[in-house]
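Below is one structure, written out as structure tokens; comments come after it.
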Amino acid sequence: MLSEGSSFLKGMVLGGVFCLILSLLGTFSPGITSQTEQHLHHHLKPLSKEELQKLSENQMSEVTQQVQVYCVIMVTPKILVYWATANDTWSKHCDRSVFYSSESAKALEAVDLQEQDEWARLRKALLHAYENAGGLRWFFIARPTTFAIIENLKYLVLVKDPSEPFYIGHVQKSGELEYVEYESGIVLSYEALKRLVGMFKDESKCPERAHALWKVSEEKQLATCLKYSGVFAENGEDAQGKELFNKKTVGMLISDSMVQNPNDVVEACCSDMAITFSGMNPSQMQVMMYGVYRLRPYGHNFHDSLTFLPPKGSDND
Amino acid sequence: MGQRLFICGVFLGFSLVLQFLKTGFQIVGEDQNGVYTGYNVSAWRTDNLAKQLSRKVRVLCWVMTAPQYLKTRTQHVRATWAQHCNAVLYMSSETSDFPTVGLNVSEGRDQLYWKTIRALQYIHTHHLHTADWFLKADDDTFVVMENLRRFLCRQDTEQPVYFGHRFRVFIKQGYMSGGAGYVLSREALRRFIQGFSSGRCTHTSSVEDLALGQCMETMGVKAGDSRDEEQREAFNPFRPDQHLLNPGTKKPTFEYSYYPKIRGPGCCSDFAISFHYIRPEQMYELQYYTYHLHPFGYKYRFNPADTLNCTADYSHS
């Protein structure tokens with residue numbers, strides 16, 4: 001009897017161990033690898049209208065206070081006109097916008113990082129932003145040709161707690177590494193930035209200068225450093241799964257849609273609450289200000305449950 | 001017996017561990033997961049006022065086109081702004097299943113005024129009471145019908161008046177740009193037809209907007225002012241970038257305007273009615289900016305009262 005029982009138990013143990021080994025090898029995953037945790041966190045969507053309406057007045061005003069964005073905009077003197085345009089357009093909607101440049105130049109109002117290397121420059125910019133954050137708890141990193149609708153960014157992170165680590169944008173995968181695409185904009189919560197800055201001190205895991213024979217892009221280096229500090233990339237999307245962070249212009253996305261969805265071009269193209277478009281030239285940015293913040297059909301109304309006021313001293317929005 | 005027990009044990013152990021791993025992480029996952037209701041994001045937007053206005057102010061749109069443009073241009077008009085008209089007619093030299101109305105003319109720039117004359121005769125014969133107002137547009141004009149209705153609501157269709165982007169040259173009271181679109185009151189349409197049947201109006205030139213303007217003046221139809229409360233133009237004879245940028249265009253007709261010409265953001269009303277020289281990709285782009293892309297919670301600077309009370313004085317409301 002005992003020997004039968006013990007052989008049963010041995011069988012159980014063996015079966016259990018076998019199962020564990022198989023799953024760890026990843027050849028079959030009943031949803032147990034760390035990918036699951038990441039996957040469930042992977043798609044970040046905004047609050048639904050119903051959820052928004054449940055918030056009280058106090059919660060609303062608290063939330064409006066909390067969701068303030070510090071924009072980190074990377075520029076170079078060679079493309080001064082991009083600095084001027086970003087300065088005159090979308091960046092006015094950030095609670096604070098700071099331009100970071102590779103070198104100083106006349107007429108360019110930016111923090112001169114005196115750094116040509118892209119990754120080192122990004123590190124310095126983020127360190128500066130962290131040290132000068134004031135009370136701001138969300139950080140948005142943009143390239144010179146990116147246009148961001150900050151109000152929609154705020155909507156996305158509206159009740160997310162910035163003392164939790166968030167690293168949001170359009171997520172791409174390179175081997176095992178999931179990273180946020182630089183071109184379409186990167187969002188970091190205060191906690192994520194704090195951990196990143198802490199990780200900067202670790203030269204082995206997060207080196208300032210790449211030691212490898214080949215250069216790893218800044219976006220991947222950023223993702224690696226964040227990953228070591230327990231921060232994982234999340235893809236920003238709307239309730240229908242449409243991308244909020246785009247590395248193309250509206251025009252390019254529409255052209256793609258005209259080919260792929262000729263019967264439903266606009267519906268299939270882009271999100272109503274898109275946050276970024278990129279690859280835009282200065283003229284396109286000026287037109288976008290009008291298209292986003294002014295042009296609209298009379299008699300269509302929004303009940304957004306929250307109000308963001310237009311910036312002071314601006315005439316193009 | 002022992003062997004069977006052993007094998008059972010293996011299976012049991014395997015499935016127990018499997019279950020544990022699966023459900024364990026799922027529980028964790030659900031807590032961290034938000035609630036995705038999957039509702040339609042554009043449900044934030046209500047258009048009741050626009051719909052009511054559409055019943056109150058009926059507009060028949062007629063689009064000047066030609067057989068060779070149906071696939072390349074007109075189908076995109078049909079897919080976008082034409083859907084917002086109360087009625088739409090596509091005027092061409094040939095009848096087709098598009099559907100187009102075949103007018104008794106041939107194609108070509110020198111035939112344009114003949115086309116206009118025949119089109120208006122057709123509308124007068126068949127559609128005088130289909131609508132309250134009659135809008136002409138080209139197949140490269142983009143129109144925001146809701147904004148047209150907002151303006152027309154305060155006008156009287158039994159008065160001899162027409163509206164559009166007013167030019168000051170060549171005709172004493174000025175005339176309306178054809179490309180930006182012009183809209184006739186019912187009385188204006190009657191008078192145009194009377195003009196031709198009485199011989200007071202003839203085919204004076206092939207420049208259709210100028211020639212129509214001459215007939216309007218002859219028949220005592222007033223060239224009206226369609227600027228908004230801030231004196232910004234609503235009908236625009238060029239593309240948005242050409243108006244919004246400074247300089248946006250060097251075209252001489254830019255200087256024809258009756259009212260002081262403004263380059264830059266002051267050029268165009270938030271409630272713009274039309275733009276011209278719009279290629280298909282841009283039609284969809286403008287459709288996206290107008291009806292879809294929205295900055296969450298943004299309080300527009302220009303906020304005239306929402307009202308169906310169209311008797312309010314336009315210049316002061």
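Ligands are numbered from 1 in the order shown, chains are lettered A, B, ... in the order of the structure tokens, and residues start at 1 in each chain.
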What residues in chain B have any atom no more than 6 Å from chain A when counting only C-alpha atoms, and can you write them as an NGL selection string?
-> :B and (2 or 5-6 or 9-14 or 17 or 21-22 or 38 or 44-47 or 49-50 or 146-147 or 241 or 265 or 270 or 289-290 or 292-299)
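Among the candidate residues B:Gln111, B:Gln173, B:Asn86, B:Thr204, the one lying nearest to Met64 of chain B is B:Gln111, with distances computed using only C-alpha atoms.
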By how many Å are atom CA of Ala180 of chain B and atom CA of Ile273 of chain B apart?
->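 Distance reported for this atom pair: 8.8 Å.
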Please report, as a tab-separated table, each residue of segment 173-227 of chain B lying at most 10 Å from segment 274-282 of chain B, together with the nearest pair of atoms and the separation in Å rounded to one decimal; use only C-alpha atoms, and order rows by chain and ascending residue number.
```
residue	atom	partner	partner_atom	distance
B:Ser177	CA	B:His276	CA	9.9
B:Gly178	CA	B:His276	CA	9.4
B:Gly179	CA	B:His276	CA	5.7
B:Ala180	CA	B:His276	CA	5.4
B:Gly181	CA	B:Ser274	CA	7.0
B:Tyr182	CA	B:Ser274	CA	9.6
```
How many Å lie between atom CA of Val105 of chain B and atom CA of Arg118 of chain B, rounded to one decimal?
-> 8.0 Å
Using only C-alpha atoms, which residues sit within 9 Å of Cys85 of chain B once same-chain residues fewer than 6 positions away are excluded, as JSON, numbers by chain?
-> {"B": [54, 58, 59, 60, 61, 145, 146]}
